[in-house]
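Trainee: So here's coords_8.tsv (TSV, N, CA and C atoms).
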```
chain	number	residue	atom	x	y	z
U	1	MET	N	1.13	-5.67	-1.89
U	1	MET	CA	1.34	-6.04	-0.53
U	1	MET	C	0.30	-5.36	0.37
U	2	PRO	N	-0.94	-5.24	-0.11
U	2	PRO	CA	-1.95	-4.60	0.72
U	2	PRO	C	-2.23	-5.35	2.02
U	3	SER	N	-2.67	-4.62	3.00
U	3	SER	CA	-3.17	-5.18	4.24
U	3	SER	C	-4.64	-4.80	4.30
U	4	THR	N	-5.52	-5.80	4.34
U	4	THR	CA	-6.94	-5.58	4.13
U	4	THR	C	-7.76	-6.09	5.31
U	5	THR	N	-8.77	-5.31	5.68
U	5	THR	CA	-9.68	-5.70	6.75
U	5	THR	C	-11.11	-5.69	6.21
U	6	ILE	N	-11.84	-6.76	6.49
U	6	ILE	CA	-13.25	-6.87	6.14
U	6	ILE	C	-14.02	-6.81	7.45
U	7	GLU	N	-14.93	-5.86	7.57
U	7	GLU	CA	-15.72	-5.73	8.80
U	7	GLU	C	-17.19	-5.95	8.47
U	8	VAL	N	-17.82	-6.82	9.26
U	8	VAL	CA	-19.23	-7.16	9.06
U	8	VAL	C	-19.98	-6.99	10.37
U	9	ARG	N	-21.31	-6.98	10.28
U	9	ARG	CA	-22.12	-6.78	11.48
U	9	ARG	C	-23.08	-7.94	11.72
U	10	ARG	N	-22.66	-9.14	11.32
U	10	ARG	CA	-23.43	-10.35	11.59
U	10	ARG	C	-22.50	-11.55	11.56
U	11	SER	N	-22.98	-12.67	12.05
U	11	SER	CA	-22.20	-13.90	12.03
U	11	SER	C	-22.37	-14.60	10.69
U	12	TYR	N	-21.30	-15.19	10.21
U	12	TYR	CA	-21.31	-16.03	9.02
U	12	TYR	C	-20.74	-17.39	9.41
U	13	ALA	N	-21.13	-18.40	8.68
U	13	ALA	CA	-20.51	-19.71	8.84
U	13	ALA	C	-19.05	-19.59	8.38
U	14	VAL	N	-18.21	-20.45	8.88
U	14	VAL	CA	-16.79	-20.42	8.52
U	14	VAL	C	-16.62	-20.45	7.00
U	15	GLU	N	-17.37	-21.31	6.33
U	15	GLU	CA	-17.26	-21.43	4.87
U	15	GLU	C	-17.60	-20.10	4.18
U	16	GLN	N	-18.61	-19.41	4.71
U	16	GLN	CA	-18.99	-18.12	4.14
U	16	GLN	C	-17.91	-17.07	4.39
U	17	GLU	N	-17.33	-17.07	5.57
U	17	GLU	CA	-16.24	-16.14	5.86
U	17	GLU	C	-15.09	-16.35	4.88
U	18	VAL	N	-14.74	-17.61	4.66
U	18	VAL	CA	-13.65	-17.92	3.73
U	18	VAL	C	-14.01	-17.45	2.32
U	19	GLN	N	-15.25	-17.64	1.90
U	19	GLN	CA	-15.67	-17.20	0.57
U	19	GLN	C	-15.55	-15.68	0.44
U	20	ILE	N	-15.94	-14.96	1.47
U	20	ILE	CA	-15.84	-13.50	1.44
U	20	ILE	C	-14.37	-13.07	1.37
U	21	ILE	N	-13.54	-13.67	2.20
U	21	ILE	CA	-12.11	-13.36	2.19
U	21	ILE	C	-11.51	-13.65	0.82
U	22	GLU	N	-11.82	-14.80	0.25
U	22	GLU	CA	-11.27	-15.18	-1.06
U	22	GLU	C	-11.79	-14.27	-2.16
U	23	ALA	N	-13.03	-13.80	-2.05
U	23	ALA	CA	-13.58	-12.89	-3.04
U	23	ALA	C	-12.81	-11.56	-3.03
U	24	VAL	N	-12.54	-11.05	-1.84
U	24	VAL	CA	-11.79	-9.80	-1.72
U	24	VAL	C	-10.35	-10.00	-2.20
U	25	GLN	N	-9.74	-11.11	-1.83
U	25	GLN	CA	-8.37	-11.39	-2.28
U	25	GLN	C	-8.30	-11.48	-3.80
U	26	ALA	N	-9.26	-12.15	-4.42
U	26	ALA	CA	-9.27	-12.27	-5.89
U	26	ALA	C	-9.40	-10.90	-6.55
U	27	ALA	N	-10.21	-10.03	-5.96
U	27	ALA	CA	-10.36	-8.68	-6.50
U	27	ALA	C	-9.06	-7.89	-6.36
U	28	LEU	N	-8.34	-8.07	-5.27
U	28	LEU	CA	-7.04	-7.41	-5.09
U	28	LEU	C	-6.04	-7.88	-6.14
U	29	VAL	N	-6.00	-9.18	-6.38
U	29	VAL	CA	-5.08	-9.73	-7.39
U	29	VAL	C	-5.42	-9.17	-8.76
U	30	GLU	N	-6.70	-9.16	-9.08
U	30	GLU	CA	-7.13	-8.68	-10.39
U	30	GLU	C	-7.00	-7.16	-10.53
U	31	GLY	N	-7.48	-6.42	-9.55
U	31	GLY	CA	-7.52	-4.96	-9.66
U	31	GLY	C	-6.18	-4.29	-9.43
U	32	PHE	N	-5.43	-4.75	-8.45
U	32	PHE	CA	-4.15	-4.13	-8.11
U	32	PHE	C	-2.95	-4.90	-8.65
U	33	LYS	N	-3.22	-6.01	-9.30
U	33	LYS	CA	-2.16	-6.81	-9.95
U	33	LYS	C	-1.09	-7.29	-8.96
U	34	ILE	N	-1.53	-7.62	-7.75
U	34	ILE	CA	-0.58	-8.16	-6.78
U	34	ILE	C	-0.39	-9.65	-7.04
U	35	PRO	N	0.72	-10.23	-6.61
U	35	PRO	CA	0.90	-11.68	-6.76
U	35	PRO	C	-0.18	-12.43	-5.96
U	36	SER	N	-0.64	-13.54	-6.50
U	36	SER	CA	-1.72	-14.28	-5.84
U	36	SER	C	-1.33	-14.77	-4.45
U	37	GLY	N	-0.05	-15.00	-4.21
U	37	GLY	CA	0.41	-15.45	-2.90
U	37	GLY	C	0.59	-14.34	-1.89
U	38	ASP	N	0.40	-13.10	-2.30
U	38	ASP	CA	0.53	-11.94	-1.42
U	38	ASP	C	-0.80	-11.79	-0.68
U	39	ARG	N	-0.88	-12.34	0.52
U	39	ARG	CA	-2.15	-12.44	1.23
U	39	ARG	C	-2.04	-11.86	2.63
U	40	CYS	N	-2.89	-10.86	2.90
U	40	CYS	CA	-3.04	-10.32	4.25
U	40	CYS	C	-4.44	-9.73	4.34
U	41	VAL	N	-5.41	-10.62	4.59
U	41	VAL	CA	-6.81	-10.21	4.67
U	41	VAL	C	-7.36	-10.70	6.00
U	42	ARG	N	-7.93	-9.77	6.77
U	42	ARG	CA	-8.50	-10.12	8.07
U	42	ARG	C	-10.01	-9.91	8.03
U	43	PHE	N	-10.72	-10.77	8.74
U	43	PHE	CA	-12.18	-10.73	8.79
U	43	PHE	C	-12.59	-10.45	10.23
U	44	ILE	N	-13.34	-9.37	10.44
U	44	ILE	CA	-13.74	-8.98	11.79
U	44	ILE	C	-15.26	-8.89	11.85
U	45	GLU	N	-15.83	-9.62	12.79
U	45	GLU	CA	-17.27	-9.60	13.01
U	45	GLU	C	-17.57	-8.72	14.22
U	46	HIS	N	-18.47	-7.75	14.01
U	46	HIS	CA	-18.90	-6.86	15.09
U	46	HIS	C	-20.31	-7.22	15.53
U	47	GLU	N	-20.60	-6.97	16.78
U	47	GLU	CA	-21.99	-7.02	17.24
U	47	GLU	C	-22.73	-5.88	16.54
U	48	PRO	N	-23.94	-6.12	16.05
U	48	PRO	CA	-24.64	-5.07	15.30
U	48	PRO	C	-24.76	-3.74	16.04
U	49	HIS	N	-24.94	-3.78	17.36
U	49	HIS	CA	-25.08	-2.52	18.10
U	49	HIS	C	-23.76	-1.76	18.21
U	50	ARG	N	-22.65	-2.41	17.85
U	50	ARG	CA	-21.34	-1.76	17.88
U	50	ARG	C	-20.87	-1.31	16.49
U	51	PHE	N	-21.72	-1.49	15.49
U	51	PHE	CA	-21.36	-1.17	14.11
U	51	PHE	C	-22.62	-0.62	13.43
U	52	ILE	N	-22.78	0.68	13.46
U	52	ILE	CA	-23.98	1.31	12.93
U	52	ILE	C	-23.93	1.29	11.41
U	53	ALA	N	-25.05	0.89	10.81
U	53	ALA	CA	-25.16	0.85	9.35
U	53	ALA	C	-25.97	2.03	8.85
U	54	LEU	N	-25.86	2.30	7.58
U	54	LEU	CA	-26.65	3.36	6.96
U	54	LEU	C	-28.13	3.04	7.10
U	55	SER	N	-28.93	4.03	7.41
U	55	SER	CA	-30.37	3.79	7.65
U	55	SER	C	-31.12	3.45	6.37
U	56	ARG	N	-30.60	3.76	5.21
U	56	ARG	CA	-31.29	3.50	3.95
U	56	ARG	C	-31.15	2.06	3.46
U	57	LEU	N	-30.32	1.26	4.10
U	57	LEU	CA	-30.07	-0.10	3.62
U	57	LEU	C	-31.27	-1.01	3.85
U	58	SER	N	-31.56	-1.82	2.85
U	58	SER	CA	-32.68	-2.75	2.96
U	58	SER	C	-32.36	-3.93	3.87
U	59	GLN	N	-31.08	-4.30	3.95
U	59	GLN	CA	-30.64	-5.41	4.79
U	59	GLN	C	-29.41	-4.98	5.59
U	60	PRO	N	-29.60	-4.16	6.60
U	60	PRO	CA	-28.45	-3.59	7.31
U	60	PRO	C	-27.52	-4.64	7.91
U	61	ASP	N	-28.01	-5.85	8.16
U	61	ASP	CA	-27.14	-6.89	8.71
U	61	ASP	C	-26.07	-7.30	7.71
U	62	LEU	N	-26.24	-6.96	6.43
U	62	LEU	CA	-25.26	-7.32	5.40
U	62	LEU	C	-24.27	-6.19	5.10
U	63	TYR	N	-24.38	-5.08	5.81
U	63	TYR	CA	-23.45	-3.97	5.59
U	63	TYR	C	-22.03	-4.45	5.81
U	64	THR	N	-21.15	-4.15	4.87
U	64	THR	CA	-19.77	-4.63	4.89
U	64	THR	C	-18.83	-3.47	4.56
U	65	VAL	N	-17.82	-3.29	5.39
U	65	VAL	CA	-16.82	-2.26	5.14
U	65	VAL	C	-15.47	-2.95	4.93
U	66	ILE	N	-14.84	-2.59	3.83
U	66	ILE	CA	-13.54	-3.17	3.48
U	66	ILE	C	-12.53	-2.03	3.43
U	67	THR	N	-11.47	-2.17	4.22
U	67	THR	CA	-10.41	-1.17	4.26
U	67	THR	C	-9.13	-1.81	3.72
U	68	VAL	N	-8.58	-1.18	2.70
U	68	VAL	CA	-7.36	-1.66	2.07
U	68	VAL	C	-6.26	-0.64	2.33
U	69	SER	N	-5.25	-1.04	3.06
U	69	SER	CA	-4.06	-0.21	3.24
U	69	SER	C	-3.04	-0.72	2.23
U	70	ALA	N	-2.58	0.18	1.36
U	70	ALA	CA	-1.71	-0.23	0.25
U	70	ALA	C	-0.67	0.84	-0.02
U	71	PHE	N	0.39	0.43	-0.69
U	71	PHE	CA	1.40	1.39	-1.13
U	71	PHE	C	0.75	2.43	-2.03
U	72	SER	N	1.18	3.65	-1.94
U	72	SER	CA	0.75	4.71	-2.85
U	72	SER	C	1.20	4.38	-4.26
U	73	GLY	N	0.41	4.82	-5.24
U	73	GLY	CA	0.86	4.71	-6.62
U	73	GLY	C	-0.11	4.06	-7.58
U	74	ARG	N	-1.21	3.46	-7.08
U	74	ARG	CA	-2.17	2.84	-8.00
U	74	ARG	C	-2.95	3.93	-8.73
U	75	SER	N	-3.27	3.67	-9.98
U	75	SER	CA	-4.03	4.60	-10.80
U	75	SER	C	-5.51	4.58	-10.39
U	76	LEU	N	-6.22	5.61	-10.81
U	76	LEU	CA	-7.65	5.64	-10.58
U	76	LEU	C	-8.33	4.45	-11.26
U	77	GLU	N	-7.86	4.07	-12.42
U	77	GLU	CA	-8.43	2.92	-13.13
U	77	GLU	C	-8.23	1.63	-12.33
U	78	ALA	N	-7.07	1.45	-11.73
U	78	ALA	CA	-6.84	0.27	-10.89
U	78	ALA	C	-7.77	0.28	-9.69
U	79	LYS	N	-8.00	1.44	-9.11
U	79	LYS	CA	-8.92	1.56	-7.97
U	79	LYS	C	-10.35	1.24	-8.40
U	80	ARG	N	-10.76	1.77	-9.55
U	80	ARG	CA	-12.09	1.44	-10.07
U	80	ARG	C	-12.24	-0.07	-10.26
U	81	ASN	N	-11.22	-0.68	-10.85
U	81	ASN	CA	-11.25	-2.13	-11.07
U	81	ASN	C	-11.37	-2.88	-9.75
U	82	LEU	N	-10.65	-2.42	-8.74
U	82	LEU	CA	-10.73	-3.05	-7.43
U	82	LEU	C	-12.13	-2.91	-6.86
U	83	TYR	N	-12.67	-1.69	-6.87
U	83	TYR	CA	-14.02	-1.46	-6.33
U	83	TYR	C	-15.04	-2.38	-7.00
U	84	GLN	N	-15.02	-2.39	-8.33
U	84	GLN	CA	-15.99	-3.20	-9.07
U	84	GLN	C	-15.76	-4.69	-8.84
U	85	GLY	N	-14.50	-5.10	-8.75
U	85	GLY	CA	-14.20	-6.50	-8.49
U	85	GLY	C	-14.71	-6.97	-7.14
U	86	ILE	N	-14.54	-6.15	-6.13
U	86	ILE	CA	-15.01	-6.51	-4.80
U	86	ILE	C	-16.53	-6.57	-4.78
U	87	VAL	N	-17.17	-5.51	-5.25
U	87	VAL	CA	-18.63	-5.42	-5.20
U	87	VAL	C	-19.28	-6.55	-5.99
U	88	SER	N	-18.78	-6.83	-7.18
U	88	SER	CA	-19.40	-7.88	-7.99
U	88	SER	C	-19.20	-9.27	-7.38
U	89	ARG	N	-18.03	-9.52	-6.81
U	89	ARG	CA	-17.79	-10.82	-6.18
U	89	ARG	C	-18.64	-11.00	-4.91
U	90	LEU	N	-18.75	-9.95	-4.12
U	90	LEU	CA	-19.57	-10.05	-2.91
U	90	LEU	C	-21.05	-10.18	-3.25
U	91	ALA	N	-21.49	-9.55	-4.33
U	91	ALA	CA	-22.89	-9.69	-4.76
U	91	ALA	C	-23.22	-11.15	-5.07
U	92	LEU	N	-22.26	-11.87	-5.63
U	92	LEU	CA	-22.47	-13.30	-5.90
U	92	LEU	C	-22.66	-14.10	-4.61
U	93	LEU	N	-22.18	-13.54	-3.50
U	93	LEU	CA	-22.31	-14.19	-2.20
U	93	LEU	C	-23.50	-13.66	-1.40
U	94	GLY	N	-24.32	-12.83	-2.04
U	94	GLY	CA	-25.53	-12.34	-1.40
U	94	GLY	C	-25.43	-11.00	-0.71
U	95	ILE	N	-24.30	-10.32	-0.84
U	95	ILE	CA	-24.14	-9.00	-0.24
U	95	ILE	C	-24.44	-7.96	-1.32
U	96	PRO	N	-25.54	-7.22	-1.17
U	96	PRO	CA	-25.92	-6.26	-2.20
U	96	PRO	C	-24.81	-5.22	-2.44
U	97	ALA	N	-24.69	-4.81	-3.70
U	97	ALA	CA	-23.64	-3.87	-4.08
U	97	ALA	C	-23.70	-2.58	-3.27
U	98	ASP	N	-24.89	-2.10	-2.98
U	98	ASP	CA	-25.00	-0.84	-2.25
U	98	ASP	C	-24.86	-1.00	-0.74
U	99	HIS	N	-24.50	-2.22	-0.31
U	99	HIS	CA	-24.26	-2.49	1.11
U	99	HIS	C	-22.76	-2.62	1.42
U	100	THR	N	-21.93	-2.29	0.45
U	100	THR	CA	-20.48	-2.43	0.60
U	100	THR	C	-19.81	-1.07	0.51
U	101	LYS	N	-18.96	-0.76	1.48
U	101	LYS	CA	-18.13	0.45	1.45
U	101	LYS	C	-16.68	0.00	1.38
U	102	ILE	N	-15.92	0.63	0.48
U	102	ILE	CA	-14.51	0.28	0.30
U	102	ILE	C	-13.67	1.53	0.53
U	103	LEU	N	-12.70	1.43	1.40
U	103	LEU	CA	-11.79	2.52	1.70
U	103	LEU	C	-10.37	2.10	1.35
U	104	ILE	N	-9.64	2.97	0.70
U	104	ILE	CA	-8.24	2.71	0.41
U	104	ILE	C	-7.40	3.74	1.17
U	105	ASN	N	-6.51	3.25	2.00
U	105	ASN	CA	-5.52	4.09	2.68
U	105	ASN	C	-4.21	3.90	1.92
U	106	GLU	N	-3.73	4.97	1.29
U	106	GLU	CA	-2.48	4.89	0.55
U	106	GLU	C	-1.34	5.32	1.46
U	107	ILE	N	-0.34	4.47	1.53
U	107	ILE	CA	0.77	4.69	2.45
U	107	ILE	C	2.08	4.66	1.66
U	108	PRO	N	2.91	5.69	1.80
U	108	PRO	CA	4.21	5.67	1.12
U	108	PRO	C	5.03	4.44	1.54
U	109	ARG	N	5.77	3.90	0.60
U	109	ARG	CA	6.54	2.66	0.86
U	109	ARG	C	7.50	2.79	2.03
U	110	GLU	N	8.04	3.99	2.23
U	110	GLU	CA	8.99	4.14	3.34
U	110	GLU	C	8.30	4.03	4.71
U	111	ASN	N	6.97	4.06	4.72
U	111	ASN	CA	6.21	3.95	5.97
U	111	ASN	C	5.73	2.53	6.25
U	112	TRP	N	6.24	1.54	5.53
U	112	TRP	CA	5.96	0.12	5.78
U	112	TRP	C	7.26	-0.55	6.20
U	113	GLY	N	7.27	-1.23	7.32
U	113	GLY	CA	8.43	-2.01	7.74
U	113	GLY	C	8.20	-3.47	7.39
U	114	LEU	N	9.09	-4.05	6.59
U	114	LEU	CA	8.94	-5.43	6.11
U	114	LEU	C	10.26	-6.18	6.20
U	115	GLN	N	10.18	-7.46	6.03
U	115	GLN	CA	11.36	-8.33	5.93
U	115	GLN	C	12.41	-8.03	6.99
U	116	GLY	N	11.99	-8.12	8.22
U	116	GLY	CA	12.92	-7.92	9.33
U	116	GLY	C	13.16	-6.47	9.69
U	117	GLY	N	12.21	-5.60	9.35
U	117	GLY	CA	12.31	-4.21	9.76
U	117	GLY	C	12.92	-3.28	8.73
U	118	LYS	N	12.92	-3.67	7.47
U	118	LYS	CA	13.43	-2.78	6.42
U	118	LYS	C	12.28	-1.95	5.86
U	119	PRO	N	12.55	-0.69	5.50
U	119	PRO	CA	11.52	0.09	4.81
U	119	PRO	C	11.21	-0.56	3.46
U	120	ALA	N	9.94	-0.63	3.11
U	120	ALA	CA	9.56	-1.27	1.84
U	120	ALA	C	10.17	-0.54	0.65
U	121	SER	N	10.50	0.73	0.81
U	121	SER	CA	11.14	1.49	-0.27
U	121	SER	C	12.54	0.98	-0.59
U	122	GLU	N	13.11	0.17	0.30
U	122	GLU	CA	14.46	-0.37	0.09
U	122	GLU	C	14.43	-1.85	-0.29
U	123	ILE	N	13.24	-2.38	-0.59
U	123	ILE	CA	13.07	-3.80	-0.89
U	123	ILE	C	12.56	-3.96	-2.32
U	124	ASP	N	13.12	-4.95	-3.04
U	124	ASP	CA	12.58	-5.30	-4.35
U	124	ASP	C	11.33	-6.14	-4.11
U	125	LEU	N	10.18	-5.60	-4.45
U	125	LEU	CA	8.91	-6.24	-4.15
U	125	LEU	C	8.52	-7.30	-5.19
U	126	ASN	N	9.18	-7.31	-6.32
U	126	ASN	CA	8.91	-8.28	-7.39
U	126	ASN	C	7.52	-8.15	-7.99
U	127	PHE	N	6.91	-6.98	-7.88
U	127	PHE	CA	5.67	-6.69	-8.60
U	127	PHE	C	5.55	-5.18	-8.76
U	128	GLN	N	4.75	-4.77	-9.72
U	128	GLN	CA	4.59	-3.36	-10.06
U	128	GLN	C	3.52	-2.71	-9.19
U	129	ILE	N	3.81	-1.53	-8.65
U	129	ILE	CA	2.86	-0.79	-7.84
U	129	ILE	C	2.04	0.16	-8.73
U	130	GLU	N	2.68	0.77	-9.68
U	130	GLU	CA	2.03	1.77	-10.53
U	130	GLU	C	1.26	1.08	-11.64
U	131	VAL	N	0.10	0.54	-11.30
U	131	VAL	CA	-0.76	-0.12	-12.30
U	131	VAL	C	-1.98	0.72	-12.56
```
Translate this file's structure into C-alpha cells.
Mentor:
Amino acid sequence: MPSTTIEVRRSYAVEQEVQIIEAVQAALVEGFKIPSGDRCVRFIEHEPHRFIALSRLSQPDLYTVITVSAFSGRSLEAKRNLYQGIVSRLALLGIPADHTKILINEIPRENWGLQGGKPASEIDLNFQIEV
C-alpha cells in the first residue's frame, strides 16, 4: 500500500508521464510484492530552477527523484529489488540510471489511516509486508 511520488525537472508528454508512472508501479509490484491493483503514484513536474540537480549529471533535465512511503517491514533484499526495478525500467525510457534517486520512508502501520479512518495495523491488508 505504498504512496509514491515521482518528481521531475522537465516537461514530458502525457504518454511519457504515464510510461514513467507505470514503470515505477511495475517495480513496486515486483519488488515489494504489492497487489497490482494497489496504486497510489503521483507525478510532479517542477520548474528546473525550483529543483536543483546534482552538478555531475550529464543530462540534469532528466534528474528524477522517487519517494516511496511504505509500511515498515520490507527486507533489504526487497528494497534492492525495488531500486533495481525502478532504475532499469526508467533507463528503458531514456532516464540514465545515475540520474535517479530513490527514497523510502518507512512508516509503522498504526501511523496510516485507511478505510474510513482505521489504523492500518487493525486492517487485514490481504498481502504480505515482510517480503
Trainee: So, counting only N, CA and C atoms, which residue among U:Pro119, U:Gly31, U:Gly113, U:Pro108 is closest to Ala70 (chain U)?
Mentor: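 Of U:Pro119, U:Gly31, U:Gly113, U:Pro108, the one nearest Ala70 (chain U), counting only N, CA and C atoms, is U:Pro108.
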Trainee: Of the candidates U:Asn126, U:His99, U:Ile44, U:Thr4, which one gets nearest to Arg56 (chain U) if we count only C-alpha atoms?
Mentor: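 Among the listed residues, U:His99 lies closest to Arg56 (chain U).
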Trainee: Expressed in Å to a single decimal, how great is the separation between atom N of Tyr12 (chain U) and CA of Arg39 (chain U)?
Mentor: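 Taking atom N of Tyr12 (chain U) as the start and CA of Arg39 (chain U) as the end point, the length is 21.3 Å.
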Trainee: Just asking: which residues within region 75-126 of chain U are alpha helix (DSSP H) according to DSSP, as JSON, numbers by chain?
Mentor: {"U": [76, 77, 78, 79, 80, 81, 82, 83, 84, 85, 86, 87, 88, 89, 90, 91, 92]}
Trainee: When you draw a straight line from CA of Pro60 (chain U) to CA of Leu76 (chain U), how long is it in Å?
Mentor: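 For CA of Pro60 (chain U) relative to CA of Leu76 (chain U), the distance reads 28.9 Å.
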Trainee: I'd like to know which of U:Glu17, U:Glu30, U:Glu110, U:Glu122 is closest to Asn81 (chain U), using only C-alpha atoms.
Mentor: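 Residue with the minimum atom-to-atom distance to Asn81 (chain U): U:Glu30.
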Trainee: Using all atoms listed in the file, determine which residues lie at most 6.5 Å from Gly85 (chain U), disregarding the query and same-chain residues fewer than 4 positions distant; provide the list as a PyMOL selection string.
Mentor: chain U and resi 23+27+80-81+89-90
Trainee: In Å, rounded to a single decimal, give me how far atom N of Lys101 (chain U) is from atom N of Thr64 (chain U).
Mentor: 5.3 Å
Trainee: Residues of chain U classed as strand (DSSP E) by DSSP on the backbone are to be reported as a ChimeraX atom specification.
Mentor: /U:3-8,41-45,64-71,100-107,113-114,118-119
Trainee: Every residue with an atom at most 8 Å from (-4.1, 1.5, -11.4) (file coordinates; all atoms listed in the file) is what I'm after, so could you write them as a list in words?
Mentor: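 Those within range, by chain then number, are Gly31, Phe32, Lys33, Gly73, Arg74, Ser75, Leu76, Glu77, Ala78, Lys79, Arg80, Asn81, Ile129, Glu130 and Val131 of chain U.
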Trainee: Go ahead and write the selection's residues with N, CA and C atoms as a tab-separated table (two decimals), keeping the file's coordinate frame.
Mentor:
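Produced file again.tsv, reproduced below:
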```
chain	number	residue	atom	x	y	z
U	31	GLY	N	-7.48	-6.42	-9.55
U	31	GLY	CA	-7.52	-4.96	-9.66
U	31	GLY	C	-6.18	-4.29	-9.43
U	32	PHE	N	-5.43	-4.75	-8.45
U	32	PHE	CA	-4.15	-4.13	-8.11
U	32	PHE	C	-2.95	-4.90	-8.65
U	33	LYS	N	-3.22	-6.01	-9.30
U	33	LYS	CA	-2.16	-6.81	-9.95
U	33	LYS	C	-1.09	-7.29	-8.96
U	73	GLY	N	0.41	4.82	-5.24
U	73	GLY	CA	0.86	4.71	-6.62
U	73	GLY	C	-0.11	4.06	-7.58
U	74	ARG	N	-1.21	3.46	-7.08
U	74	ARG	CA	-2.17	2.84	-8.00
U	74	ARG	C	-2.95	3.93	-8.73
U	75	SER	N	-3.27	3.67	-9.98
U	75	SER	CA	-4.03	4.60	-10.80
U	75	SER	C	-5.51	4.58	-10.39
U	76	LEU	N	-6.22	5.61	-10.81
U	76	LEU	CA	-7.65	5.64	-10.58
U	76	LEU	C	-8.33	4.45	-11.26
U	77	GLU	N	-7.86	4.07	-12.42
U	77	GLU	CA	-8.43	2.92	-13.13
U	77	GLU	C	-8.23	1.63	-12.33
U	78	ALA	N	-7.07	1.45	-11.73
U	78	ALA	CA	-6.84	0.27	-10.89
U	78	ALA	C	-7.77	0.28	-9.69
U	79	LYS	N	-8.00	1.44	-9.11
U	79	LYS	CA	-8.92	1.56	-7.97
U	79	LYS	C	-10.35	1.24	-8.40
U	80	ARG	N	-10.76	1.77	-9.55
U	80	ARG	CA	-12.09	1.44	-10.07
U	80	ARG	C	-12.24	-0.07	-10.26
U	81	ASN	N	-11.22	-0.68	-10.85
U	81	ASN	CA	-11.25	-2.13	-11.07
U	81	ASN	C	-11.37	-2.88	-9.75
U	129	ILE	N	3.81	-1.53	-8.65
U	129	ILE	CA	2.86	-0.79	-7.84
U	129	ILE	C	2.04	0.16	-8.73
U	130	GLU	N	2.68	0.77	-9.68
U	130	GLU	CA	2.03	1.77	-10.53
U	130	GLU	C	1.26	1.08	-11.64
U	131	VAL	N	0.10	0.54	-11.30
U	131	VAL	CA	-0.76	-0.12	-12.30
U	131	VAL	C	-1.98	0.72	-12.56
```
Trainee: Could you check which of U:Glu47, U:Asp38, U:Glu22, U:Asp124 is closest to Arg10 (chain U), using only N, CA and C atoms?
Mentor: U:Glu47
Trainee: Fix up region 90-102 of chain U with N, CA, C and O atoms, then write it as a PDB file, in the frame of the given file.
Mentor:
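Output (selection.pdb):
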```
ATOM      1  N   LEU U  90     -18.750  -9.950  -4.120  1.00  0.00           N
ATOM      2  CA  LEU U  90     -19.570 -10.050  -2.910  1.00  0.00           C
ATOM      3  C   LEU U  90     -21.050 -10.180  -3.250  1.00  0.00           C
ATOM      4  O   LEU U  90     -21.798 -10.856  -2.533  1.00  0.00           O
ATOM      5  N   ALA U  91     -21.490  -9.550  -4.330  1.00  0.00           N
ATOM      6  CA  ALA U  91     -22.890  -9.690  -4.760  1.00  0.00           C
ATOM      7  C   ALA U  91     -23.220 -11.150  -5.070  1.00  0.00           C
ATOM      8  O   ALA U  91     -24.321 -11.611  -4.764  1.00  0.00           O
ATOM      9  N   LEU U  92     -22.260 -11.870  -5.630  1.00  0.00           N
ATOM     10  CA  LEU U  92     -22.470 -13.300  -5.900  1.00  0.00           C
ATOM     11  C   LEU U  92     -22.660 -14.100  -4.610  1.00  0.00           C
ATOM     12  O   LEU U  92     -23.217 -15.184  -4.626  1.00  0.00           O
ATOM     13  N   LEU U  93     -22.180 -13.540  -3.500  1.00  0.00           N
ATOM     14  CA  LEU U  93     -22.310 -14.190  -2.200  1.00  0.00           C
ATOM     15  C   LEU U  93     -23.500 -13.660  -1.400  1.00  0.00           C
ATOM     16  O   LEU U  93     -23.660 -13.962  -0.227  1.00  0.00           O
ATOM     17  N   GLY U  94     -24.320 -12.830  -2.040  1.00  0.00           N
ATOM     18  CA  GLY U  94     -25.530 -12.340  -1.400  1.00  0.00           C
ATOM     19  C   GLY U  94     -25.430 -11.000  -0.710  1.00  0.00           C
ATOM     20  O   GLY U  94     -26.374 -10.554  -0.056  1.00  0.00           O
ATOM     21  N   ILE U  95     -24.300 -10.320  -0.840  1.00  0.00           N
ATOM     22  CA  ILE U  95     -24.140  -9.000  -0.240  1.00  0.00           C
ATOM     23  C   ILE U  95     -24.440  -7.960  -1.320  1.00  0.00           C
ATOM     24  O   ILE U  95     -23.704  -7.844  -2.293  1.00  0.00           O
ATOM     25  N   PRO U  96     -25.540  -7.220  -1.170  1.00  0.00           N
ATOM     26  CA  PRO U  96     -25.920  -6.260  -2.200  1.00  0.00           C
ATOM     27  C   PRO U  96     -24.810  -5.220  -2.440  1.00  0.00           C
ATOM     28  O   PRO U  96     -24.119  -4.805  -1.518  1.00  0.00           O
ATOM     29  N   ALA U  97     -24.690  -4.810  -3.700  1.00  0.00           N
ATOM     30  CA  ALA U  97     -23.640  -3.870  -4.080  1.00  0.00           C
ATOM     31  C   ALA U  97     -23.700  -2.580  -3.270  1.00  0.00           C
ATOM     32  O   ALA U  97     -22.656  -2.040  -2.877  1.00  0.00           O
ATOM     33  N   ASP U  98     -24.890  -2.100  -2.980  1.00  0.00           N
ATOM     34  CA  ASP U  98     -25.000  -0.840  -2.250  1.00  0.00           C
ATOM     35  C   ASP U  98     -24.860  -1.000  -0.740  1.00  0.00           C
ATOM     36  O   ASP U  98     -25.028  -0.059   0.016  1.00  0.00           O
ATOM     37  N   HIS U  99     -24.500  -2.220  -0.310  1.00  0.00           N
ATOM     38  CA  HIS U  99     -24.260  -2.490   1.110  1.00  0.00           C
ATOM     39  C   HIS U  99     -22.760  -2.620   1.420  1.00  0.00           C
ATOM     40  O   HIS U  99     -22.378  -3.034   2.503  1.00  0.00           O
ATOM     41  N   THR U 100     -21.930  -2.290   0.450  1.00  0.00           N
ATOM     42  CA  THR U 100     -20.480  -2.430   0.600  1.00  0.00           C
ATOM     43  C   THR U 100     -19.810  -1.070   0.510  1.00  0.00           C
ATOM     44  O   THR U 100     -20.052  -0.316  -0.434  1.00  0.00           O
ATOM     45  N   LYS U 101     -18.960  -0.760   1.480  1.00  0.00           N
ATOM     46  CA  LYS U 101     -18.130   0.450   1.450  1.00  0.00           C
ATOM     47  C   LYS U 101     -16.680   0.000   1.380  1.00  0.00           C
ATOM     48  O   LYS U 101     -16.268  -0.900   2.114  1.00  0.00           O
ATOM     49  N   ILE U 102     -15.920   0.630   0.480  1.00  0.00           N
ATOM     50  CA  ILE U 102     -14.510   0.280   0.300  1.00  0.00           C
ATOM     51  C   ILE U 102     -13.670   1.530   0.530  1.00  0.00           C
ATOM     52  O   ILE U 102     -13.929   2.570  -0.089  1.00  0.00           O
TER      53      ILE U 102
END
```
